[in-house]
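start15.cif (mmCIF, C-alpha atoms)
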```cif
data_input
#
loop_
_atom_site.label_atom_id
_atom_site.label_comp_id
_atom_site.auth_asym_id
_atom_site.auth_seq_id
_atom_site.Cartn_x
_atom_site.Cartn_y
_atom_site.Cartn_z
CA MET A 263 -0.60 -16.37 29.27
CA SER A 264 -2.53 -18.90 27.17
CA ARG A 265 0.71 -19.95 25.50
CA LEU A 266 1.86 -21.43 28.80
CA ASN A 267 -0.70 -24.19 28.33
CA ASN A 268 1.65 -25.68 25.73
CA ALA A 269 4.83 -24.81 27.57
CA TYR A 270 5.19 -27.80 29.86
CA THR A 271 7.44 -30.84 29.59
CA GLU A 272 5.99 -34.31 29.80
CA ASN A 273 6.91 -34.19 33.50
CA ALA A 274 4.70 -31.12 33.99
CA GLU A 275 7.72 -28.88 34.42
CA LEU A 276 7.44 -25.33 33.15
CA SER A 277 9.49 -25.01 29.98
CA SER A 278 10.41 -22.21 27.62
CA ILE A 279 8.86 -21.84 24.21
CA SER A 280 10.95 -22.17 21.06
CA PHE A 281 12.72 -18.95 20.11
CA ALA A 282 13.37 -17.81 16.59
CA THR A 283 16.82 -18.17 15.09
CA VAL A 284 18.40 -14.75 14.72
CA HIS A 285 20.24 -14.14 11.47
CA GLY A 286 23.07 -11.69 11.93
CA MET A 287 22.91 -8.32 10.18
CA MET A 288 24.95 -5.13 10.30
CA GLY A 289 27.96 -7.16 11.40
CA LEU A 290 26.16 -8.85 14.29
CA PRO A 291 26.64 -12.61 14.76
CA HIS A 292 23.92 -15.21 14.26
CA ILE A 293 22.11 -16.43 17.36
CA LEU A 294 21.34 -20.12 17.08
CA GLN A 295 18.74 -20.76 19.75
CA PRO A 296 19.02 -24.02 21.75
CA PRO A 297 16.02 -26.33 21.53
CA HIS A 298 13.28 -25.99 24.11
CA SER A 299 13.09 -28.43 26.99
CA GLY A 300 12.28 -31.98 26.01
CA GLY A 301 8.63 -32.74 25.49
CA CYS A 302 7.47 -29.14 25.22
CA LEU A 303 4.99 -28.66 22.40
CA THR A 304 5.78 -26.15 19.67
CA THR A 305 3.88 -22.91 20.23
CA ALA A 306 2.55 -20.32 17.85
CA SER A 307 5.36 -17.90 18.54
CA SER A 308 7.96 -20.42 17.46
CA GLN A 309 6.21 -20.93 14.14
CA VAL A 310 6.24 -17.28 13.12
CA SER A 311 9.94 -17.36 12.32
CA SER A 312 9.36 -20.05 9.66
CA ILE A 313 7.44 -17.58 7.45
CA PRO A 314 9.75 -16.80 4.50
CA TYR A 315 10.76 -13.20 3.97
CA ASN A 316 9.93 -11.72 0.57
CA VAL A 317 12.30 -8.83 1.25
CA PRO A 318 15.56 -8.91 3.20
CA GLN A 319 15.11 -8.68 6.94
CA ASP A 320 17.92 -6.15 7.08
CA GLU A 321 16.07 -3.75 4.79
CA PRO A 322 15.09 -0.68 6.85
CA CYS A 323 11.53 0.29 7.67
CA PHE A 324 10.07 1.99 4.61
CA ILE A 325 8.89 5.00 6.62
CA THR A 326 11.10 5.38 9.70
CA LYS A 327 14.30 3.99 8.13
CA SER A 328 14.94 2.12 11.38
CA LEU A 329 16.48 -1.36 11.38
CA SER A 330 14.96 -3.97 13.67
CA TYR A 331 14.30 -7.66 14.04
CA MET A 332 10.78 -6.72 15.17
CA HIS A 333 9.75 -5.21 11.84
CA GLU A 334 6.86 -6.74 9.94
CA GLN A 335 6.39 -7.37 6.26
CA ALA A 336 3.65 -5.13 4.90
CA HIS A 337 1.74 -5.71 1.66
CA TRP A 338 0.61 -2.44 0.07
CA ILE A 339 -2.00 -4.31 -1.97
CA ASP A 340 -3.43 -6.41 0.82
CA ALA A 341 -2.39 -10.06 0.81
CA ILE A 342 -5.35 -12.43 0.44
CA GLN A 343 -5.26 -15.50 2.64
CA GLY A 344 -7.58 -18.46 2.24
CA ASP A 345 -9.64 -17.19 -0.72
CA SER A 346 -8.04 -18.14 -4.02
CA GLU A 347 -10.85 -16.62 -6.13
CA LEU A 348 -10.59 -13.24 -4.39
CA LYS A 349 -6.80 -13.36 -4.67
CA ASN A 350 -7.12 -14.04 -8.40
CA ASP A 351 -9.59 -11.16 -8.76
CA VAL A 352 -7.28 -8.69 -7.00
CA GLU A 353 -4.25 -9.77 -9.04
CA SER A 354 -6.31 -9.55 -12.24
CA LEU A 355 -7.41 -6.05 -11.26
CA ILE A 356 -3.79 -4.91 -10.92
CA ILE A 357 -3.00 -6.40 -14.33
CA ALA A 358 -6.08 -4.68 -15.83
CA LEU A 359 -5.01 -1.34 -14.36
CA GLY A 360 -1.75 -1.72 -16.26
CA VAL A 361 0.47 -0.45 -13.45
CA ASN A 362 2.78 -3.46 -13.15
CA GLY A 363 3.24 -5.08 -16.53
CA GLU A 364 1.45 -8.22 -17.62
CA GLU A 365 2.06 -10.35 -14.52
CA PHE A 366 1.43 -9.76 -10.84
CA ASP A 367 1.45 -11.75 -7.64
CA LEU A 368 0.47 -10.24 -4.31
CA ASP A 369 3.60 -11.60 -2.66
CA GLN A 370 6.11 -10.26 -5.15
CA GLU A 371 8.74 -7.89 -3.83
CA SER A 372 7.32 -4.81 -5.56
CA ASN A 373 4.31 -5.04 -3.22
CA VAL A 374 6.16 -5.65 0.05
CA THR A 375 8.23 -3.56 2.44
CA ASN A 376 9.36 -3.82 6.03
CA LEU A 377 7.47 -1.63 8.49
CA ASP A 378 7.87 -0.83 12.15
CA ARG A 379 5.10 -2.70 13.99
CA ASN A 380 3.53 0.41 15.48
CA VAL A 381 3.61 2.19 12.12
CA HIS A 382 2.09 -0.86 10.43
CA THR A 383 -0.77 -0.97 12.94
CA ALA A 384 -1.44 2.76 12.61
CA LEU A 385 -1.47 2.40 8.82
CA ASP A 386 -3.51 -0.75 8.27
CA LYS A 387 -5.65 -1.28 11.36
CA TYR A 388 -6.61 2.26 12.32
CA ALA A 389 -5.85 4.33 9.18
CA PHE A 390 -4.38 7.04 11.41
CA ILE A 391 -1.82 7.60 8.66
CA ALA A 392 -1.42 6.97 4.95
CA VAL A 393 1.50 7.13 2.54
CA THR A 394 1.20 8.58 -0.94
CA GLY A 395 3.55 10.15 -3.44
CA SER A 396 4.90 13.63 -2.86
CA LEU A 397 3.00 16.32 -4.73
CA GLN A 398 5.77 16.45 -7.33
CA THR A 399 5.64 12.68 -7.87
CA ILE A 400 1.83 12.61 -7.96
CA ASN A 401 1.75 15.38 -10.56
CA GLN A 402 4.36 13.63 -12.72
CA LEU A 403 2.50 10.31 -12.55
CA PHE A 404 -0.77 12.12 -13.29
CA ASP A 405 0.70 13.64 -16.46
CA MET A 406 2.11 10.25 -17.51
CA VAL A 407 -1.17 8.37 -17.04
CA ASN A 408 -3.27 11.16 -18.56
CA ALA A 409 -1.10 11.27 -21.69
CA ASN A 410 -1.39 7.51 -22.07
CA ASN A 411 -5.16 7.65 -21.58
CA CYS A 412 -5.45 10.23 -24.36
CA TYR A 413 -3.40 7.98 -26.65
CA ARG A 414 -5.56 4.97 -25.78
CA GLN A 415 -8.75 6.91 -26.55
CA GLU A 416 -7.35 7.89 -29.96
CA GLN A 417 -6.47 4.27 -30.70
CA PHE A 418 -9.91 3.11 -29.58
CA ASP A 419 -11.61 5.72 -31.78
CA THR A 420 -9.57 4.55 -34.78
CA THR A 421 -9.58 0.76 -34.38
CA GLY A 422 -12.42 -0.05 -31.97
CA LYS A 423 -9.97 -2.21 -30.05
CA MET A 424 -9.30 -1.55 -26.37
CA PRO A 425 -5.55 -0.88 -26.08
CA ARG A 426 -3.67 -1.85 -22.95
CA ARG A 427 -2.17 0.81 -20.75
CA ASP A 428 1.49 1.27 -21.59
CA LEU A 429 3.34 3.35 -19.00
CA ASP A 430 6.96 4.42 -18.92
CA PHE A 431 8.34 2.46 -15.98
CA MET A 432 11.74 4.09 -16.52
CA HIS A 433 10.33 7.53 -15.73
CA LYS A 434 11.91 8.96 -12.57
CA ALA A 435 8.48 9.38 -10.97
CA PHE A 436 8.16 5.58 -11.11
CA SER A 437 11.77 4.43 -10.78
CA ASN A 438 12.80 6.94 -8.09
CA PRO A 439 9.64 8.42 -6.58
CA GLN A 440 9.29 10.57 -3.51
CA TYR A 441 6.76 9.57 -0.87
CA GLU A 442 4.95 11.53 1.80
CA LEU A 443 3.40 10.39 5.06
CA VAL A 444 -0.01 11.97 5.63
CA ALA A 445 -1.26 11.96 9.23
CA LEU A 446 -5.04 11.82 8.89
CA HIS A 447 -5.56 11.65 12.65
CA PRO A 448 -2.28 12.99 14.04
CA GLU A 449 -3.48 13.41 17.63
CA HIS A 450 -4.69 9.81 17.77
CA TYR A 451 -1.58 8.51 16.06
CA LEU A 452 0.87 10.22 18.42
CA ILE A 453 -1.15 10.36 21.60
CA SER A 454 -0.04 11.65 24.99
CA GLY A 455 3.52 12.65 24.20
CA SER A 456 4.29 9.84 21.76
CA VAL A 457 6.76 10.67 19.01
CA LEU A 458 7.58 9.37 15.55
CA LEU A 459 11.28 8.62 15.24
CA ILE A 460 12.80 9.05 11.79
CA HIS A 461 16.26 7.55 11.41
CA ASP A 462 19.13 8.63 9.21
CA PRO A 463 22.41 6.65 9.20
CA LEU A 464 24.29 9.92 8.82
CA VAL A 465 22.50 11.68 11.68
CA ARG A 466 22.45 10.66 15.34
CA PRO A 467 20.15 10.56 17.23
CA PRO A 468 16.98 10.08 15.16
CA LYS A 469 14.71 13.08 14.66
CA MET A 470 11.49 13.23 16.67
CA TYR A 471 8.20 14.34 15.11
CA VAL A 472 5.02 15.33 16.91
CA PRO A 473 1.68 16.88 15.87
CA GLY A 474 1.98 20.64 15.43
CA PRO A 475 -0.78 23.18 16.12
CA ASP A 476 -1.64 23.06 12.39
CA ARG A 477 -1.97 19.22 12.67
CA LYS A 478 1.10 18.58 10.55
CA LEU A 479 3.82 16.33 11.96
CA ARG A 480 6.71 18.63 12.84
CA GLU A 481 10.09 18.23 14.44
CA PHE A 482 9.93 18.27 18.22
CA PRO A 483 8.75 20.36 20.01
CA GLY A 484 6.27 20.89 17.15
CA ALA A 485 5.91 24.67 16.92
CA LEU A 486 4.81 26.23 13.64
CA ASN A 487 8.39 27.29 12.92
CA ASP A 488 9.68 23.73 13.39
CA ALA A 489 10.31 21.80 10.17
CA PRO A 490 7.47 19.55 8.95
CA LEU A 491 8.08 15.90 8.17
CA PRO A 492 9.58 16.05 4.67
CA PRO A 493 8.96 13.78 1.67
CA PHE A 494 11.23 10.76 1.58
CA ILE A 495 12.59 8.24 -0.88
CA PHE A 496 12.82 4.47 -0.68
CA PRO A 497 16.52 3.60 -0.45
CA PRO A 498 17.76 1.99 -3.70
CA CYS A 499 18.76 -1.22 -1.93
CA ARG A 500 16.98 -3.67 -4.24
CA ASP A 501 17.89 -5.15 -7.59
CA VAL A 502 16.29 -3.74 -10.73
CA GLY A 503 12.77 -5.07 -11.14
CA LEU A 504 12.25 -5.65 -7.42
CA GLN A 505 11.72 -2.03 -6.41
CA LEU A 506 8.59 -0.99 -4.57
CA ASN A 507 5.87 -0.03 -7.05
CA PRO A 508 4.66 3.51 -6.19
CA PHE A 509 1.24 2.83 -7.71
CA PHE A 510 0.62 0.15 -5.06
CA VAL A 511 1.38 2.65 -2.30
CA ILE A 512 -0.91 5.21 -3.96
CA LEU A 513 -3.77 2.71 -4.41
CA ASN A 514 -3.45 1.87 -0.72
CA ALA A 515 -3.61 5.57 0.18
CA GLU A 516 -6.62 6.24 -2.08
CA ILE A 517 -8.81 3.90 -0.02
CA LYS A 518 -7.87 5.67 3.21
CA PHE A 519 -8.26 9.13 1.67
CA ARG A 520 -11.66 8.40 0.17
CA ARG A 521 -12.99 7.11 3.48
CA TYR A 522 -11.47 10.07 5.32
CA ILE A 523 -13.23 12.53 2.99
CA ARG A 524 -16.54 10.79 3.66
CA GLN A 525 -15.87 10.87 7.38
CA ILE A 526 -15.09 14.58 7.64
CA LYS A 527 -18.13 15.48 5.55
CA SER A 528 -20.39 13.91 8.15
CA ASN A 529 -18.23 14.71 11.19
CA PRO A 530 -15.82 17.56 10.43
CA PRO A 531 -12.87 18.01 12.80
CA SER A 532 -12.64 21.17 14.87
CA THR A 533 -9.35 21.97 13.13
CA PRO A 534 -9.13 20.74 9.53
CA LEU A 535 -5.97 19.39 8.01
CA PRO A 536 -3.84 22.07 6.31
CA THR A 537 -4.84 23.15 2.81
CA ASP A 538 -1.70 21.72 1.20
CA VAL A 539 -2.34 18.33 2.81
CA LEU A 540 -5.93 18.28 1.56
CA HIS A 541 -4.64 19.27 -1.88
CA LEU A 542 -2.26 16.28 -1.88
CA ILE A 543 -5.12 14.02 -0.84
CA ASN A 544 -7.32 15.25 -3.69
CA ARG A 545 -4.53 14.99 -6.26
CA THR A 546 -4.01 11.38 -5.18
CA LEU A 547 -7.73 10.71 -5.70
CA ASP A 548 -7.54 12.36 -9.14
CA LEU A 549 -4.62 10.14 -10.15
CA VAL A 550 -6.35 6.94 -9.10
CA LYS A 551 -9.46 7.97 -11.03
CA LEU A 552 -7.26 8.16 -14.13
CA LEU A 553 -5.97 4.65 -13.42
CA TYR A 554 -9.52 3.27 -13.47
CA TRP A 555 -10.46 5.21 -16.60
CA GLU A 556 -11.04 3.27 -19.82
CA PRO A 557 -11.67 4.58 -23.38
CA VAL A 558 -15.32 5.33 -24.09
CA LEU A 559 -17.50 5.20 -27.17
CA ARG A 560 -17.69 8.58 -28.94
CA PRO A 561 -19.29 9.69 -32.21
CA GLY A 562 -17.12 8.29 -34.96
CA THR A 563 -15.55 5.51 -32.87
CA ALA A 564 -14.94 2.49 -35.11
CA GLY A 565 -17.04 0.30 -32.80
CA PRO A 566 -15.95 -1.65 -29.73
CA ALA A 567 -14.56 -5.14 -29.96
CA PRO A 568 -16.69 -7.34 -27.69
CA VAL A 569 -15.16 -8.69 -24.50
CA SER A 570 -14.96 -12.47 -24.68
CA ARG A 571 -17.39 -14.30 -22.44
CA ARG A 572 -14.46 -16.59 -21.66
CA ALA A 573 -12.32 -13.74 -20.41
CA ARG A 574 -11.24 -13.85 -16.80
CA ARG A 575 -14.13 -12.48 -14.79
CA SER A 576 -12.03 -9.60 -13.41
CA LEU A 577 -11.17 -8.53 -16.96
CA ARG A 578 -14.84 -8.71 -18.00
CA TRP A 579 -16.17 -6.44 -15.28
CA PHE A 580 -13.28 -4.03 -15.73
CA ARG A 581 -14.00 -3.62 -19.43
CA GLU A 582 -17.80 -3.59 -19.21
CA ALA A 583 -18.59 -1.55 -16.08
CA ASP A 584 -18.78 2.25 -16.11
CA LEU A 585 -16.08 4.32 -14.39
CA GLU A 586 -17.99 4.86 -11.13
CA THR A 587 -18.86 1.18 -10.81
CA ARG A 588 -15.34 0.17 -11.83
CA MET A 589 -13.84 2.30 -9.07
CA ALA A 590 -16.34 1.03 -6.48
CA ILE A 591 -15.66 -2.62 -7.28
CA GLY A 592 -11.91 -2.05 -7.55
CA SER A 593 -11.71 -0.33 -4.17
CA ALA A 594 -13.80 -3.10 -2.61
CA LEU A 595 -11.46 -5.74 -4.02
CA LEU A 596 -8.40 -3.90 -2.72
CA SER A 597 -10.14 -3.84 0.68
CA THR A 598 -10.40 -7.66 0.38
CA ARG A 599 -14.14 -7.56 -0.31
CA GLY A 600 -15.42 -9.50 -3.29
CA ASP A 601 -19.13 -8.97 -2.69
CA LEU A 602 -19.56 -6.02 -5.07
CA LEU A 603 -17.96 -7.99 -7.90
CA ASP A 604 -20.22 -10.97 -7.13
CA ALA A 605 -23.22 -8.63 -7.15
CA TRP A 606 -22.22 -7.17 -10.50
CA PHE A 607 -22.06 -10.60 -12.08
CA THR A 608 -25.44 -11.61 -10.69
CA GLY A 609 -27.06 -8.41 -11.95
CA MET A 610 -27.67 -6.93 -8.50
CA LEU A 611 -25.48 -3.87 -9.09
CA ASN A 612 -27.06 -1.21 -11.32
#
```
What is this structure when it is put down as structure tokens?
Amino acid sequence: MSRLNNAYTENAELSSISFATVHGMMGLPHILQPPHSGGCLTTASSQVSSIPYNVPQDEPCFITKSLSYMHEQAHWIDAIQGDSELKNDVESLIIALGVNGEEFDLDQESNVTNLDRNVHTALDKYAFIAVTGSLQTINQLFDMVNANNCYRQEQFDTTGKMPRRDLDFMHKAFSNPQYELVALHPEHYLISGSVLLIHDPLVRPPKMYVPGPDRKLREFPGALNDAPLPPFIFPPCRDVGLQLNPFFVILNAEIKFRRYIRQIKSNPPSTPLPTDVLHLINRTLDLVKLLYWEPVLRPGTAGPAPVSRRARRSLRWFREADLETRMAIGSALLSTRGDLLDAWFTGMLN
């Protein structure tokens, strides 16, 4: 109702707010909205439509595959607004992890998808759900990263120089991964008869999923013999180089999983999540631990090359901190908190 304060003409007549221009998709025509009544001030809702889209608006929801003008753009590595130093630290962290090549910007397409608004809220605000790779994809990425870590340790032992991570971005686990939605709090997510609708252009109507007695999301009505929500792929609707980066999705999930594990240790649910779901959660945590791993000094190592004091501060802490500290600071940065990194540089973090 507060928006009505700005919705009057100069003659104190009630006026409409400005509506967003609707760009036609799926064969629908454009809707060019007429201007609001003369003298009416522009309101917040009319300004939202001016935000540029990093991904096409007609790209389906990453999870539900629905198509809607009401979808929101979601950043898997959280977008940083109003803090250029923190934004630089997060982008430097992604570069240091070696999961996206030598350049990264939080707003690039590989970090952004469209999401249904309700799904987005459940994912980012309440952490009722998370998305990670399927077990097959997680295992394949684990083997890829582990093999590269072994190679990097050998190079470090021989030369004393810290080699960059060099992953095979053409591997099918990266170029065509499978994803899986994990309902951490399924009863809260789909409360009081709510359903998750999963769309398929070849199947009408969409399938409905609800929490089953084992706490998995299953096809309605949700009995144990009803099919669980299966792994899914991201439709190959983008040009090469603009695809969603699965490591960003997995890093997002790791934060939710780690907090969930802490939560259930202190306040275990009456019915735990199924064993296979907990296994997927732990495999995701194992993979992310490998991403934060760096070669270590061992007997016979040629001797480490010092990290330049002029190096970007995110690169310095990443190279100099131990694994536990590195993961703690990295997770804090990805949660848009820079205080642990500040503490490390001021000597407050042991």
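Between Leu486 in chain A and the candidates A:Ile325, A:Val472, A:Met424, A:Ile460, the tightest atom-to-atom separation, counting only C-alpha atoms, involves A:Val472.
With only C-alpha atoms taken into account, the protein and nucleic acid residues at most 9 Å from Asn438 in chain A (excluding it and anything under 2 positions from it in its own chain) are Met432, His433, Lys434, Ala435, Phe436, Gln440, Ile495, Phe496 and Pro498 of chain A.
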Check what the PyMOL selection byres ((chain A and resi 327) around 12) selects in the file above and give those residues as a PyMOL selection string.
-> chain A and resi 320-326+328-330+333+375-378+381+458-465+468-469+494-497
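Residues in contact with Val352 in chain A at up to 10 Å, not including ones fewer than 6 positions away on its chain and judged by all atoms listed in the file, are Ile339, Asp340, Ala341, Ile342, Ser346, Ala358, Phe366, Asp367, Leu368, Ser576, Gly592, Ser593, Ala594, Leu595, Leu596, Ser597, Thr598, Arg599 and Gly600 of chain A.
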Using all atoms listed in the file: which of A:Leu549, A:Leu397, A:Cys499, A:Leu540 has the shortest distance to Ile523 in chain A | A:Leu540
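When the PyMOL selection byres ((chain A and resi 392) around 9) is evaluated against the file, it yields Ala384, Leu385, Asp386, Ala389, Phe390, Ile391, Val393, Thr394, Glu442, Leu443, Val444, Ala445, Leu446, Val511, Asn514, Ala515, Glu516, Lys518 and Phe519 of chain A.
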Write out, as a PDB file, keeping the file's coordinate frame, the residues just selected, with C-alpha atoms.
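selection_24.pdb, freshly written:
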```pdb
ATOM      1  CA  ALA A 384      -1.440   2.760  12.610  1.00  0.00           C
ATOM      2  CA  LEU A 385      -1.470   2.400   8.820  1.00  0.00           C
ATOM      3  CA  ASP A 386      -3.510  -0.750   8.270  1.00  0.00           C
ATOM      4  CA  ALA A 389      -5.850   4.330   9.180  1.00  0.00           C
ATOM      5  CA  PHE A 390      -4.380   7.040  11.410  1.00  0.00           C
ATOM      6  CA  ILE A 391      -1.820   7.600   8.660  1.00  0.00           C
ATOM      7  CA  VAL A 393       1.500   7.130   2.540  1.00  0.00           C
ATOM      8  CA  THR A 394       1.200   8.580  -0.940  1.00  0.00           C
ATOM      9  CA  GLU A 442       4.950  11.530   1.800  1.00  0.00           C
ATOM     10  CA  LEU A 443       3.400  10.390   5.060  1.00  0.00           C
ATOM     11  CA  VAL A 444      -0.010  11.970   5.630  1.00  0.00           C
ATOM     12  CA  ALA A 445      -1.260  11.960   9.230  1.00  0.00           C
ATOM     13  CA  LEU A 446      -5.040  11.820   8.890  1.00  0.00           C
ATOM     14  CA  VAL A 511       1.380   2.650  -2.300  1.00  0.00           C
ATOM     15  CA  ASN A 514      -3.450   1.870  -0.720  1.00  0.00           C
ATOM     16  CA  ALA A 515      -3.610   5.570   0.180  1.00  0.00           C
ATOM     17  CA  GLU A 516      -6.620   6.240  -2.080  1.00  0.00           C
ATOM     18  CA  LYS A 518      -7.870   5.670   3.210  1.00  0.00           C
ATOM     19  CA  PHE A 519      -8.260   9.130   1.670  1.00  0.00           C
TER      20      PHE A 519
END
```
For the provided coordinates, the residues matched by the PyMOL selection byres ((chain A and resi 542) around 9) should be stated as a compact mmCIF listing (two decimals) with C-alpha atoms, in the coordinates of the input.
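Final output, result38.txt:
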```txt
# COMPACT_ATOMS: atom_id res chain seq x y z
CA THR A 394 1.20 8.58 -0.94
CA GLY A 395 3.55 10.15 -3.44
CA SER A 396 4.90 13.63 -2.86
CA LEU A 397 3.00 16.32 -4.73
CA ILE A 400 1.83 12.61 -7.96
CA VAL A 444 -0.01 11.97 5.63
CA THR A 537 -4.84 23.15 2.81
CA ASP A 538 -1.70 21.72 1.20
CA VAL A 539 -2.34 18.33 2.81
CA LEU A 540 -5.93 18.28 1.56
CA HIS A 541 -4.64 19.27 -1.88
CA ILE A 543 -5.12 14.02 -0.84
CA ASN A 544 -7.32 15.25 -3.69
CA ARG A 545 -4.53 14.99 -6.26
CA THR A 546 -4.01 11.38 -5.18
CA LEU A 547 -7.73 10.71 -5.70
```
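Atom to atom, CA of Ile453 in chain A and CA of Leu535 in chain A stand 17.0 Å apart.
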Can you tell me, as a list of chain:residue names, what residues are no more than 10 Å from Asn487 in chain A when counting only C-alpha atoms, ignoring any on the same chain fewer than 6 positions away?
-> A:Gly474, A:Arg480, A:Glu481
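Closest approach to Thr399 in chain A from the set A:Leu504, A:Ile591, A:Ile512, A:Val558 is made by A:Ile512, with distances taken over all atoms listed in the file.
Using only C-alpha atoms for every distance, the candidate list A:Thr421, A:Asn411, A:Asn373, A:Ser437 yields A:Asn411 as the residue closest to Leu359 in chain A.
Atom pair CA of Asn362 in chain A / CA of Met589 in chain A has a distance of 18.1 Å (rounded to one decimal).
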